[in-house]
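As structure tokens, the structure follows; a few thoughts come after it.
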Amino acid sequence: MPISRRDFLKYTSMAAAGTAVSLSDAELFSHLFAISPEPHEDVNYIPTYCEVCFWNCGAVAAVVNGKVKKLEGNPYDPRSRGKLCARGNAGVGELYDEDRLKHPMIRTGERGDGKYREASWDEALNYAAEKMTKIKNEYGPESVAFMMHGGITTHLMNLGKAFGSPNFGFPSYGQCRAARMVAYDLTYGADVGSPERVDMANSRVIVFFGTHLGENMHNSQVQDFTEALGSRAKIIVVDPRFSTAAGKADHWLPIRPGADMALMLAWINIIISEGLYDREYVDKYTAGFDELKESVKEYTPEWASKETDLPADIIVETARELGRYAPSVCVHPGRFTAWHGNDTQRERCIAILGAILGTWGREGGIYLPTKAPLAGAAGMSYPVPSRASIAKGPHAFAQPQLMQAVRRTTITADPYPIKAWVVAGTNILRAVPNPAKSIEAIMKLDLLIAIDIRPLDTAMMADVILPECTYLERHDALKIDRGVSLSVGIRQPVVEPLYKSKAGWWICKELGNRLGVGGYFPYETYEDHIKKECAAMNIDYDELTRVGTKFYPGTDNPYITNENQPVFKTPSGKIELYSSRLAEQGFAPIPKYNRIEQPEKGWFRLLSGRSPVHSFSRTANNQKLFELFEENVLWINAKVAFSMGIRDGQNIILVNQDNIMSEIIKAKVTQRIRNDCVYMVHGFGAKSRLLSRAYGRGADDSRLMTRFIADPISGSTGMRVNFVRIEKA
Ligand code: SF4
């Protein structure tokens with residue numbers, strides 16, 4: 001049942017008034033479901049939050065006879081507002097995937113040859129703990145690195161820190177958000193958060209730089225975007241590909257890949273020189289305006305036209321539209337920002353553009369997070385590692401979370417050896433560019449422990465495999481959402497774990513006990529821990545388990561007012577158009593344009609992105625989603641295809657600049673992409689034979705990314721720097 005924003009507010013005010021609490025479970029949720037149980041069956045409606053992707057939408061499961069019949073969005077949750085995306089609805093496909101890892105396994109053959117024997121939990125955990133302890137004794141705790149994604153993060157970080165390691169790797173950082181996080185921190189003293197605090201539902205103009213909203217199915221943001229379309233917001237999509245979002249746009253700007261900064265710097269120049277910027281806001285809140293004005297003078301529309309392949313008059317017209325509707329302009333900061341190795345400065349351009357239009361803390365721009373206080377349990381105090389983390393690499397402003405730095409150190413042992421990886425919920429061989437390098441690193445390890453739900457390619461390289469249960473079978477950390485308003489959501493099991501799988505918290509606690517750090521897991525069950533946290537936060541635990549998400553209406557303070565002034569944690573205390581911190585480290589304090597390498601004739605830049613029905617390689621084997629999207633295809637410009645004699649649907653192979661060949665992939669011949677690039681959806685080309693549906697389907701984009709350029713500022717791995725030629729298969 002569709003739920004509008006107004007309905008969402010109605011639901012949440014019911015919850016606040018306590019009306020929801022007095023309703024039975026069926027009265028709370030049954031109207032959401034169009035399921036018809038047999039007359040003798042009881043339906044239990046159990047709320048939780050989704051983990052088919054990282055958006056963590058509130059969901060409700062209808063459970064009949066211990067089986068999940070259907071999932072729907074929780075109307076009390078701000079990220080779902082009563083709706084799940086296709087992947088969220090297909091959560092049952094994760095739960096009932098017969099290819100799931102069913103019991104612990106210990107490797108019997110050579111690493112990577114897929115030979116394992118079944119082990120008991122005791123045996124597998126003892127094996128893992130003994131090897132970790134041996135490595136700790138020989139090389140120090142820093143020689144064990146922990147990589148992760150998803151709900152297990154809280155538990156594995158706790159284990160890793162307790163163990164004494166400072167080395168953590170997050171593909172979601174270096175391969176995704178690092179450039180944006182660093183750029184916004186340098187400019188505003190804060191990131192835009194996750195979900196990003198974009199006020200799109202109220203925007204008059206929305207600009208996407210390569211953000212494929214609608215293909216990356218970020219639930220509440222897609223709902224906001226749809227609302228903005230309904231209120232006739234102007235949409236400008238800057239993308240070499242005519243994406244789904246471009247199909248809704250007033251202006252599709254098919255820019256030459258890598259020239260985004262040229263367009264933005266020209267826009268900034270036009271907006272300043274024509275006086276379209278928010279003068280009062282700039283005077284009050286920003287530092288470095290004069291330097292910016294001087295620096296962008298050279299970036300004229302005519303110059304930008306040559307760099308971007310876009311007509312100068314369109315560059316001027318779109319700049320004027322931004323100025324006309326400021327500050328209700330949302331220049332979306334993006335999420336996957338690891339493009340060309342200059343990504344922090346490109347993100348700085350987005351941040352600066354937003355600043356001169358006065359969008360931070362303004363309706364339709366970037367809203368301010370709730371200031372509502374929330375008490376919490378005291379944090380842990382961990383041992384201080386004797387050696388510094390290697391996961392920062394040489395990058396001045398990176399957080400120590402760079403997966404490629406962990407991989408490099410594993411290969412070189414410089415400055416000290418990394419001897420073991422504990423990998424949980426992330427498929428490193430697909431998520432990090434150049435899987436051959438990841439395999440080289442894995443082959444150097446003394447120990448690889450995989451904690452996963454599915455037999456993904458990385459798990460099948462492990463020495464010991466610990467099967468985690470799905471999000472529908474476990475507790476996880478409370479979801480504390482400091483978006484526009486405060487809300488707290490619970491993940492709780494809706495059914496018992498299948499097979500011999502166990503919750504991530506249990507696996508980490510049991511490993512912790514065997515490693516002598518069990519004191520860092522001071523609870524028998526994670527439910528006990530959540531109860532304690534709820535007590536510390538003054539949350540009624542029973543109510544939370546029934547409603548799923550406790551929403552606090554009236555805790556919003558989204559826009560700047562006289563009483564609600566923004567705080568910028570930068571050295572100047574202002575929005576730094578001129579970054580003093582970048583200047584100190586020898587980087588350009590105001591972004592400068594540098595042309596990037598372009599492909600020669602007969603070569604194409606490889607672009608990759610998302611499908612609305614898949615979450616990377618993790619869902620490729622989900623039966624329900626597989627039926628919707630079995631494999632990726634390669635988008636090729638129609639004229640290029642015609643000139644090469646390639647037909648739509650024809651099998652082709654890509655060969656990259658380092659002579660690495662792709663798997664066979666089908667051509668999608670289309671006018672929706674420029675002639676200098678090709679595009680495929682990320683996450684396919686699985687090598688694990690235990691994935692009965694995903695195995696061998698489509699092509700793996702990461703395999704072709706043998707080259708990446710690490711951004712010197714943030715360490716973001718620019719991956720759109722690989723060129724391919726096309727051969728008929
Ligand atoms: S966006 Fe979709 S897959 Fe992601 S958490 Fe929400 S419902 Fe689940």
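Naming scheme: A, B, ... for chains in displayed order of the structure tokens; residues 1 onward per chain; ligands 1 onward as shown.
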Filtered DSSP result for segment 329-541 of chain A, state strand (DSSP E or B), as a ChimeraX atom specification: /A:329-331,360,366,420-424,447-452,464-468,479-482,486-489,502
With only C-alpha atoms and all ligand atoms counted, collect every polymer residue having an atom within 9 Å of ligand 1; state the result as a PyMOL selection string. chain A and resi 49-59+72-73+79-80+83-91+216-220+612-615
Would you please work out which residue, of A:Trp339, A:Trp505, A:Tyr578, A:Phe168, is nearest to Phe521 of chain A when using only C-alpha atoms?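 Closest to Phe521 of chain A of all the choices is A:Trp505.
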Looking at only C-alpha atoms, which of A:Asn269, A:Thr410, A:Thr426, A:Ser24 is the one that sits closest to Ile439 of chain A?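 Under the stated criterion, the closest residue is A:Thr410.
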Can you pull out every residue within 10 Å of segment 291-306 of chain A, counting only C-alpha atoms, but drop anything in the same chain fewer than 2 positions away, and send it as a count of residues only? 38
